[in-house]
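*Asks:* One file is attached below, work.txt, containing compact mmCIF, C-alpha atoms.
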```txt
# COMPACT_ATOMS: atom_id res chain seq x y z
CA MET A 1 144.15 50.17 125.34
CA GLU A 2 140.72 48.58 125.62
CA GLN A 3 140.07 50.56 128.78
CA LEU A 4 140.97 53.77 126.97
CA LEU A 5 138.63 52.86 124.12
CA GLN A 6 135.78 52.26 126.55
CA GLU A 7 136.54 55.60 128.15
CA ILE A 8 136.34 57.34 124.77
CA VAL A 9 133.08 55.62 123.78
CA ALA A 10 131.45 56.53 127.09
CA LYS A 11 132.45 60.22 126.83
CA TYR A 12 132.67 60.65 123.08
CA ASN A 13 130.67 63.90 123.17
CA TYR A 14 133.24 65.61 125.38
CA TRP A 15 136.06 64.29 123.21
CA LEU A 16 134.49 65.74 120.08
CA TYR A 17 133.92 69.15 121.68
CA ILE A 18 137.43 69.30 123.06
CA ILE A 19 138.88 68.45 119.64
CA LEU A 20 136.70 71.14 118.05
CA MET A 21 137.72 73.62 120.73
CA MET A 22 141.40 72.87 120.15
CA ILE A 23 140.96 73.42 116.40
CA GLY A 24 139.57 76.85 117.23
CA LEU A 25 142.35 77.60 119.70
CA TYR A 26 144.98 76.55 117.15
CA ALA A 27 143.45 78.89 114.58
CA ILE A 28 143.47 81.76 117.08
CA ILE A 29 147.13 81.18 117.99
CA SER A 30 148.80 80.35 114.72
CA LYS A 31 146.78 81.78 111.82
CA ASN A 32 148.23 84.88 110.28
CA ASN A 33 145.07 86.39 108.86
CA LEU A 34 142.85 88.30 111.29
CA ILE A 35 139.62 87.02 109.73
CA LYS A 36 140.86 83.44 110.09
CA LYS A 37 141.55 84.18 113.74
CA LEU A 38 137.99 85.40 114.15
CA VAL A 39 136.66 82.25 112.49
CA GLY A 40 138.79 80.26 114.95
CA MET A 41 137.21 82.21 117.79
CA ASN A 42 133.77 81.32 116.46
CA ILE A 43 134.68 77.63 116.24
CA PHE A 44 135.86 77.83 119.85
CA GLN A 45 132.56 79.38 120.91
CA THR A 46 130.61 76.75 118.99
CA ALA A 47 132.48 74.00 120.85
CA ILE A 48 131.54 75.58 124.21
CA ILE A 49 127.91 75.91 123.11
CA LEU A 50 127.77 72.24 122.05
CA PHE A 51 129.39 71.26 125.34
CA PHE A 52 126.72 73.07 127.38
CA ILE A 53 123.88 71.68 125.29
CA SER A 54 125.20 68.14 125.68
CA ILE A 55 125.30 68.61 129.47
CA SER A 56 121.57 69.35 129.44
CA TYR A 57 120.75 66.03 127.77
CA LYS A 58 119.08 63.32 129.82
CA GLU A 59 118.29 59.78 128.81
CA GLN A 60 114.60 59.16 128.11
CA ALA A 61 113.81 62.87 128.28
CA THR A 62 112.24 65.26 125.82
CA ILE A 63 112.74 68.94 125.06
CA PRO A 64 112.04 71.31 127.96
CA ILE A 65 108.51 72.27 126.93
CA ILE A 66 105.78 70.86 129.16
CA ARG A 67 103.39 68.63 127.21
CA ASN A 68 99.63 69.18 127.58
CA ALA A 69 100.23 72.30 129.64
CA HIS A 70 96.94 74.03 128.89
CA GLY A 71 93.52 73.17 127.57
CA PRO A 72 91.26 70.20 128.32
CA GLY A 73 92.93 67.24 129.98
CA HIS A 74 96.00 69.26 130.89
CA VAL A 75 98.71 67.81 133.04
CA SER A 76 98.49 68.41 136.80
CA PRO A 77 101.47 70.27 138.31
CA GLU A 78 102.32 67.35 140.59
CA ALA A 79 102.61 64.96 137.64
CA ILE A 80 105.54 66.80 136.06
CA GLN A 81 108.72 64.77 136.60
CA ALA A 82 112.13 66.41 136.42
CA THR A 83 113.53 63.31 134.69
CA ALA A 84 111.02 63.55 131.82
CA TYR A 85 112.34 66.89 130.53
CA MET A 86 115.83 68.02 129.67
CA ASN A 87 117.62 70.58 131.78
CA PRO A 88 116.49 74.02 130.53
CA LEU A 89 119.26 76.02 132.20
CA PRO A 90 122.12 75.29 129.75
CA HIS A 91 119.73 76.03 126.88
CA VAL A 92 118.99 79.44 128.35
CA LEU A 93 122.64 80.26 128.88
CA MET A 94 123.59 79.22 125.33
CA LEU A 95 120.61 80.95 123.75
CA THR A 96 121.91 84.29 124.96
CA ALA A 97 125.52 83.27 124.32
CA ILE A 98 124.80 82.62 120.62
CA VAL A 99 123.33 86.06 120.06
CA VAL A 100 126.03 87.75 122.09
CA SER A 101 128.68 85.85 120.09
CA VAL A 102 127.12 87.17 116.86
CA ALA A 103 127.19 90.70 118.27
CA THR A 104 130.81 90.44 119.42
CA PHE A 105 131.72 88.94 116.04
CA GLY A 106 130.19 92.02 114.46
CA VAL A 107 132.31 94.31 116.61
CA ALA A 108 135.41 92.25 115.79
CA LEU A 109 134.66 92.55 112.06
CA ALA A 110 134.20 96.29 112.49
CA ILE A 111 137.65 96.50 114.08
CA ALA A 112 139.04 94.38 111.22
CA VAL A 113 137.53 96.83 108.70
CA LYS A 114 139.19 99.67 110.59
CA VAL A 115 142.54 97.84 110.59
CA TYR A 116 142.28 97.21 106.88
CA GLY A 117 141.53 100.88 106.28
CA GLU A 118 144.62 101.86 108.25
CA TYR A 119 147.19 99.31 107.01
CA GLU A 120 145.56 97.95 103.83
CA THR A 121 146.21 94.38 104.90
CA LEU A 122 144.79 91.86 107.32
CA GLU A 123 147.93 89.71 107.57
CA GLU A 124 149.38 89.99 111.04
CA ASP A 125 153.08 90.03 110.12
CA GLU A 126 152.55 92.69 107.45
CA ILE A 127 150.64 94.84 109.93
CA ARG A 128 153.55 94.46 112.34
CA THR A 129 156.12 95.60 109.76
CA ARG A 130 153.91 98.57 108.81
CA ILE A 131 153.68 99.61 112.45
CA ARG A 132 157.47 99.32 112.78
CA GLU A 133 157.96 101.47 109.70
CA LYS A 134 155.62 104.08 111.11
CA ILE A 135 157.55 104.26 114.39
CA LYS A 136 160.82 104.80 112.51
CA MET B 1 155.01 80.37 116.06
CA LYS B 2 153.01 77.58 114.43
CA ARG B 3 155.00 74.89 116.23
CA ILE B 4 154.63 76.64 119.60
CA GLY B 5 150.91 76.98 118.95
CA LEU B 6 150.61 73.31 118.12
CA ILE B 7 152.45 72.31 121.31
CA VAL B 8 150.25 74.58 123.44
CA VAL B 9 147.09 73.25 121.80
CA ILE B 10 148.10 69.61 122.21
CA LEU B 11 149.05 70.13 125.86
CA CYS B 12 145.83 72.01 126.56
CA GLY B 13 143.75 69.38 124.79
CA ALA B 14 145.49 66.55 126.64
CA VAL B 15 144.75 68.18 130.00
CA LEU B 16 141.11 68.71 129.05
CA LEU B 17 140.76 65.15 127.70
CA TYR B 18 142.24 63.82 130.93
CA ALA B 19 139.70 65.91 132.85
CA THR B 20 136.79 64.27 131.00
CA ARG B 21 137.34 61.19 133.18
CA ASP B 22 135.63 63.05 136.03
CA PHE B 23 132.75 64.32 133.89
CA PRO B 24 129.29 62.77 134.22
CA ALA B 25 128.36 60.20 131.60
CA TRP B 26 126.42 61.20 128.49
CA GLY B 27 122.73 61.64 129.31
CA ASP B 28 123.07 60.94 133.03
CA PRO B 29 119.93 62.31 134.78
CA ALA B 30 121.80 62.54 138.08
CA SER B 31 124.64 64.70 136.75
CA PRO B 32 125.49 67.78 138.86
CA ALA B 33 124.09 70.16 136.21
CA SER B 34 120.66 68.51 136.40
CA THR B 35 120.31 68.13 140.15
CA HIS B 36 120.47 71.45 141.97
CA VAL B 37 118.22 74.19 140.63
CA SER B 38 117.01 72.67 137.38
CA PRO B 39 114.46 70.18 138.89
CA HIS B 40 112.81 73.12 140.61
CA TYR B 41 112.50 74.93 137.28
CA ILE B 42 111.05 71.88 135.53
CA GLU B 43 108.56 70.94 138.25
CA HIS B 44 107.37 74.37 139.35
CA ALA B 45 107.78 76.74 136.39
CA LEU B 46 104.40 75.88 134.84
CA GLN B 47 102.63 76.31 138.17
CA GLU B 48 104.39 79.57 139.00
CA THR B 49 104.42 81.26 135.60
CA GLU B 50 101.84 79.51 133.37
CA VAL B 51 104.49 79.19 130.64
CA PRO B 52 105.02 75.68 129.21
CA ASN B 53 108.29 76.54 127.47
CA LEU B 54 110.70 76.19 130.36
CA VAL B 55 113.54 77.83 128.46
CA THR B 56 111.50 81.02 128.07
CA ALA B 57 110.39 80.84 131.69
CA VAL B 58 113.96 80.60 132.95
CA LEU B 59 115.26 83.15 130.43
CA ALA B 60 112.70 85.88 130.91
CA ASP B 61 111.54 85.32 134.46
CA TYR B 62 113.89 83.46 136.78
CA ARG B 63 117.03 84.86 135.12
CA SER B 64 115.55 88.02 133.65
CA TYR B 65 118.17 90.25 135.26
CA ASP B 66 120.85 88.31 133.37
CA THR B 67 118.87 88.54 130.13
CA MET B 68 118.44 92.29 130.54
CA PHE B 69 122.18 92.76 130.62
CA GLU B 70 122.64 90.40 127.68
CA THR B 71 120.32 92.70 125.76
CA LEU B 72 122.39 95.62 126.96
CA VAL B 73 125.54 93.86 125.70
CA ILE B 74 123.96 93.50 122.25
CA PHE B 75 122.92 97.16 122.31
CA GLY B 76 126.49 98.01 123.29
CA ALA B 77 127.80 95.97 120.34
CA GLY B 78 125.59 97.96 117.98
CA VAL B 79 126.79 101.25 119.48
CA ALA B 80 130.42 100.08 119.25
CA CYS B 81 130.01 99.20 115.55
CA PHE B 82 128.48 102.59 114.89
CA LEU B 83 131.17 104.51 116.76
CA LEU B 84 134.03 102.51 115.22
CA LEU B 85 132.94 102.68 111.60
CA ARG B 86 130.44 105.44 110.90
CA SER B 87 131.94 108.27 108.89
CA PHE B 88 130.02 111.10 107.31
CA GLY B 89 132.60 112.35 104.83
CA ALA B 90 132.08 111.71 101.13
CA ARG B 91 134.12 108.94 99.57
CA ARG B 92 136.57 109.84 96.87
CA ARG B 93 135.30 108.13 93.76
CA GLU B 94 135.90 107.86 90.07
CA GLY B 95 132.34 108.46 89.05
CA TRP B 96 128.73 107.66 89.41
CA TYR B 97 126.80 104.99 87.52
CA VAL B 98 123.15 105.25 86.61
CA ARG B 99 121.15 102.60 84.81
CA HIS B 100 118.28 103.34 82.48
CA ILE B 101 116.06 100.45 83.47
CA PRO B 102 113.97 99.84 80.28
CA THR B 103 116.99 99.61 78.00
CA GLY B 104 119.53 98.40 80.55
CA VAL B 105 122.04 101.03 79.41
CA VAL B 106 124.47 102.13 82.11
CA ILE B 107 125.59 105.76 82.03
CA HIS B 108 128.81 106.89 83.67
CA PHE B 109 129.01 110.40 85.13
CA ARG B 110 132.25 112.07 86.17
CA LYS B 111 130.51 114.48 88.51
CA ARG B 112 127.64 113.68 90.79
CA PRO B 113 124.53 113.66 88.59
CA ARG B 114 121.10 114.77 89.62
CA ILE B 115 119.23 111.51 89.24
CA PRO B 116 115.54 112.09 88.62
CA HIS B 117 113.30 110.20 91.01
CA SER B 118 111.57 108.06 88.45
CA ARG B 119 111.16 104.37 87.92
CA PHE B 120 113.22 104.52 84.73
CA PHE B 121 116.55 105.36 86.37
CA GLU B 122 118.41 103.77 89.26
CA ARG B 123 121.76 104.44 90.84
CA LEU B 124 124.29 101.60 90.77
CA ASP B 125 127.11 100.64 93.09
CA THR B 126 130.57 101.41 91.72
CA GLU B 127 132.40 98.25 92.66
CA TRP B 128 129.87 95.50 92.29
CA VAL B 129 126.71 95.70 90.27
CA PRO B 130 124.21 93.02 91.13
CA HIS B 131 121.11 93.12 89.02
CA ASP B 132 119.34 89.82 88.96
CA LEU B 133 115.64 89.82 88.34
CA ILE B 134 115.20 86.27 89.67
CA ILE B 135 116.91 86.98 92.97
CA MET B 136 115.07 90.27 93.44
CA THR B 137 111.68 88.77 92.67
CA ILE B 138 112.16 85.70 94.86
CA CYS B 139 113.39 87.81 97.77
CA ARG B 140 110.50 90.23 97.34
CA ILE B 141 108.08 87.31 97.63
CA LEU B 142 109.95 85.69 100.53
CA LEU B 143 110.56 88.75 102.70
CA PRO B 144 107.04 89.20 104.11
CA PHE B 145 106.84 85.53 105.03
CA ILE B 146 110.20 85.59 106.76
CA GLN B 147 109.15 88.65 108.73
CA LEU B 148 105.75 87.19 109.59
CA PHE B 149 107.38 83.97 110.76
CA SER B 150 109.84 85.90 112.92
CA LEU B 151 106.95 87.78 114.56
CA TYR B 152 105.28 84.41 115.16
CA VAL B 153 108.47 83.11 116.76
CA VAL B 154 108.52 86.09 119.13
CA ALA B 155 104.82 85.99 119.97
CA HIS B 156 104.63 82.22 120.37
CA GLY B 157 107.86 81.94 122.35
CA ASP B 158 106.00 81.03 125.53
CA PHE B 159 104.50 77.87 124.07
CA SER B 160 106.92 76.58 121.46
CA PRO B 161 110.64 76.92 120.75
CA GLY B 162 111.25 80.59 120.16
CA GLY B 163 111.48 83.94 121.82
CA GLY B 164 112.87 87.40 121.46
CA PHE B 165 116.44 86.51 120.53
CA GLN B 166 115.54 84.04 117.79
CA GLY B 167 112.72 86.09 116.34
CA GLY B 168 114.79 89.26 116.50
CA VAL B 169 117.72 87.69 114.69
CA MET B 170 115.37 86.35 112.02
CA PHE B 171 113.79 89.75 111.48
CA GLY B 172 117.23 91.35 111.34
CA ALA B 173 118.25 88.71 108.80
CA SER B 174 115.27 89.65 106.64
CA LEU B 175 116.51 93.25 106.61
CA VAL B 176 119.98 92.01 105.66
CA LEU B 177 118.44 89.90 102.87
CA MET B 178 116.74 93.00 101.55
CA ALA B 179 120.07 94.86 101.57
CA ILE B 180 121.78 92.00 99.73
CA SER B 181 119.14 91.21 97.13
CA PHE B 182 118.34 94.82 96.21
CA ASP B 183 121.00 97.21 97.45
CA LEU B 184 121.95 98.97 100.64
CA ARG B 185 120.18 102.20 99.72
CA THR B 186 116.85 100.41 99.17
CA ALA B 187 117.05 98.76 102.57
CA LEU B 188 118.05 102.00 104.27
CA SER B 189 115.26 103.93 102.57
CA ARG B 190 112.77 101.46 104.09
CA VAL B 191 114.31 101.36 107.56
CA GLY B 192 116.53 104.36 108.07
CA GLU B 193 119.52 104.69 110.34
CA ARG B 194 117.71 106.89 112.83
CA ILE B 195 114.80 104.47 113.06
CA LEU B 196 117.22 101.58 113.67
CA ALA B 197 118.99 103.50 116.43
CA LEU B 198 115.66 104.43 117.97
CA LEU B 199 114.44 100.81 117.79
CA ALA B 200 117.57 99.46 119.48
CA PHE B 201 117.15 102.00 122.26
CA LEU B 202 113.42 101.34 122.51
CA GLY B 203 113.93 97.61 122.96
CA VAL B 204 116.28 98.06 125.91
CA VAL B 205 114.03 100.73 127.42
CA LEU B 206 110.99 98.47 127.06
CA TYR B 207 112.81 95.74 128.98
CA GLY B 208 114.01 98.07 131.71
CA GLY B 209 110.67 99.88 131.74
CA ILE B 210 108.74 96.72 132.57
CA GLY B 211 111.20 96.12 135.40
CA VAL B 212 110.76 99.66 136.74
CA LEU B 213 106.97 99.36 136.38
CA CYS B 214 107.09 96.32 138.65
CA MET B 215 109.04 98.40 141.17
CA LEU B 216 106.53 101.24 140.97
CA LEU B 217 103.71 98.78 141.65
CA GLY B 218 105.40 97.84 144.90
CA GLY B 219 107.37 94.73 143.98
CA GLU B 220 111.00 94.05 143.19
CA PHE B 221 112.73 94.93 139.95
CA LEU B 222 111.42 92.62 137.16
CA ASP B 223 108.97 90.83 139.48
CA TYR B 224 106.20 90.51 136.90
CA SER B 225 103.59 89.14 139.31
CA GLU B 226 103.06 92.73 140.46
CA LEU B 227 101.62 93.48 137.01
CA ALA B 228 98.46 91.65 138.14
CA LYS B 229 97.52 94.89 139.92
CA ILE B 230 96.98 96.69 136.62
CA LEU B 231 96.08 93.74 134.35
CA PRO B 232 92.86 91.73 134.69
CA VAL B 233 94.68 88.41 135.27
CA HIS B 234 96.11 86.26 138.09
CA ALA B 235 99.62 86.80 139.38
CA GLU B 236 100.85 83.71 137.47
CA GLU B 237 99.36 84.83 134.18
CA ALA B 238 100.78 88.30 134.78
CA ARG B 239 104.22 86.69 134.87
CA ALA B 240 103.55 85.11 131.47
CA LEU B 241 102.41 88.45 130.06
CA GLY B 242 105.42 90.22 131.55
CA MET B 243 107.63 87.66 129.79
CA ILE B 244 106.00 88.40 126.44
CA GLY B 245 106.57 92.12 126.96
CA VAL B 246 110.19 91.57 127.79
CA GLU B 247 110.67 89.24 124.81
CA VAL B 248 109.21 91.86 122.48
CA GLY B 249 111.74 94.34 123.85
CA VAL B 250 114.58 91.87 123.27
CA GLY B 251 113.30 91.15 119.75
CA ILE B 252 113.18 94.83 118.78
CA ALA B 253 116.66 95.52 120.15
CA VAL B 254 118.21 92.45 118.47
CA THR B 255 116.55 93.24 115.10
CA ALA B 256 117.86 96.79 115.09
CA VAL B 257 121.36 95.87 116.23
CA MET B 258 121.73 93.13 113.59
CA ALA B 259 120.76 95.59 110.88
CA VAL B 260 123.07 98.31 112.28
CA ILE B 261 126.02 95.92 112.42
CA TYR B 262 125.44 94.69 108.87
CA VAL B 263 124.92 98.13 107.33
CA ASN B 264 127.98 99.61 109.01
CA ILE B 265 130.30 96.72 108.13
CA ALA B 266 129.06 96.26 104.56
CA SER B 267 129.54 99.90 103.63
CA ALA B 268 132.54 100.57 105.91
CA GLY B 269 130.48 103.19 107.71
CA ARG B 270 129.52 105.26 104.63
CA HIS B 271 125.98 103.92 104.23
CA ASP B 272 126.01 104.72 100.51
CA GLU B 273 126.93 101.49 98.81
CA GLY B 274 128.10 98.05 99.80
CA LEU B 275 127.40 94.40 99.29
```
What's the structure tokens form of this structure?
*Replies:*
Amino acid sequence: MEQLLQEIVAKYNYWLYIILMMIGLYAIISKNNLIKKLVGMNIFQTAIILFFISISYKEQATIPIIRNAHGPGHVSPEAIQATAYMNPLPHVLMLTAIVVSVATFGVALAIAVKVYGEYETLEEDEIRTRIREKIK
Amino acid sequence: MKRIGLIVVILCGAVLLYATRDFPAWGDPASPASTHVSPHYIEHALQETEVPNLVTAVLADYRSYDTMFETLVIFGAGVACFLLLRSFGARRREGWYVRHIPTGVVIHFRKRPRIPHSRFFERLDTEWVPHDLIIMTICRILLPFIQLFSLYVVAHGDFSPGGGFQGGVMFGASLVLMAISFDLRTALSRVGERILALLAFLGVVLYGGIGVLCMLLGGEFLDYSELAKILPVHAEEARALGMIGVEVGVGIAVTAVMAVIYVNIASAGRHDEGL
């Protein structure tokens, strides 16, 4: 039990993101309302984004912007240490991922508007019965 | 369904939590993500590109091909929203509402009235009628500052946190704020649908155009150091300038697509009234 607790404390960031991700996944699977499903999808994406950002963190490091880069007394290129700055790559990937997630969320909402115009409901089971009635 | 979902989620979460045992510790500088290509970026990006903000350097230079297609994805999202929702037919409605501004009297017309273009009359939305002087005044004061700040974020993205995506989203949000605080017609009369479509296209073309320009100057696609042949700067500074150009393209495209998505969703594609 104590070992497990130590494990959790050492990796608590991953635990939090996985719990958040599972909340999103649960919403996607079991919620009946399409908008709630989309919100679940967004929570899922947020968990992934937080996960990537936490990977880029380094102890004793600052944000990935070189200090004293230009101007008088600027830092020489040899003096820049990789351990002094956080990993910029996950930041880049998530920066684009955030905007793309907003754009895809927009498309998903557009489809939801279309669905509502067609069936006048956003509840999944009601949509299913309407479709069945239409086939008959 | 709910119970099955819960079982799936718990199983999935348990597997993932078990997998965290092999993950690097929190803040470990020797973790796999921080050891292969990222030290090269941190130690050489300033020397090679003259850009202190490493995130911008990696985004717009080392991985610019990726970023170009991200921009294209956003453009595609805007086009998808337009194609899914836009409809040009007139909505069936129960009437039109016009407010006489000095007295605040609202007049209901059964047929479409000819509203005179004066500052005494304004058309109202049928379903929801927001008219709040405080909100409108505050937003009118705030809007220029929000837009100025977003331009600053784009232009200063090489030196401080910022860049085309953030600045573009902020500018798009200012357009959305205008549509919310006044109404959709006011926002669309300032920045019309055609202008938005043109801007979205222009942003992507600006990005691709800089890439093609580099090819025409004899380099590879999106190799900005070739721009030094036509700009009075070193090859490294040319890379920084190429990044700014690309970021401006991204910013324009993102701004336009955010506004297109909002306008189409808010009015269900009619562009006449909406939240």
*Asks:* Which residues of chain B are close to chain A, meaning at most 8 Å apart when you count only C-alpha atoms, and how do they look as a PyMOL selection string?
*Replies:* chain B and resi 1-2+5-6+9-10+12-13+16-17+20-21+25-29+33-34+38-44+46-47+52-56+58-59+67+70+73-74+77-78+80-81+84-85+159-160+165+169+258+261-262+264-265+268
*Asks:* Env of B:Gly245: 8 Å cut, atoms = all atoms listed in the file, seq-sep filter 2 positions within chain, self excluded. Answer as a list in words.
*Replies:*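 Counting all atoms listed in the file, the residues come to Leu206, Tyr207, Ile210, Leu241, Gly242, Met243, Glu247, Val248 and Gly249 of chain B.
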*Asks:* Write out as a list in words the residues lying within 7 Å of B:Cys214, counting all atoms listed in the file and excluding same-chain residues fewer than 3 positions away.
*Replies:* Ile210, Gly211, Leu217, Gly218, Gly219, Glu220, Phe221, Leu222, Asp223, Tyr224, Glu226 and Leu227 of chain B
*Asks:* Between atom CA of B:Ala240 and atom CA of B:Ile195, what is the distance, to one decimal in Å?
*Replies:* 29.0 Å
*Asks:* Can you tell me how far atom CA of A:Asp125 sits from atom CA of B:Arg86, in Å to one decimal?
*Replies:*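 Value for the atom CA of A:Asp125-atom CA of B:Arg86 distance: 27.4 Å.
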*Asks:* Take atom CA of B:Phe82 and atom CA of B:Val254 and report the distance between them in Å, one decimal.
*Replies:*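 Interatomic distance here is 14.9 Å.
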*Asks:* Smallest atom-to-atom distance to A:Leu34: which of A:Lys134, A:Tyr119, A:Met94, A:Glu124, using all atoms listed in the file?
*Replies:*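 Counting all atoms listed in the file, the residue closest to A:Leu34 is A:Glu124.
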*Asks:* Nearest residue to B:Arg112 out of B:Glu50, B:Glu94, B:Glu237, B:Asp61, using only C-alpha atoms?
*Replies:*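 Residue with the minimum atom-to-atom distance to B:Arg112: B:Glu94.
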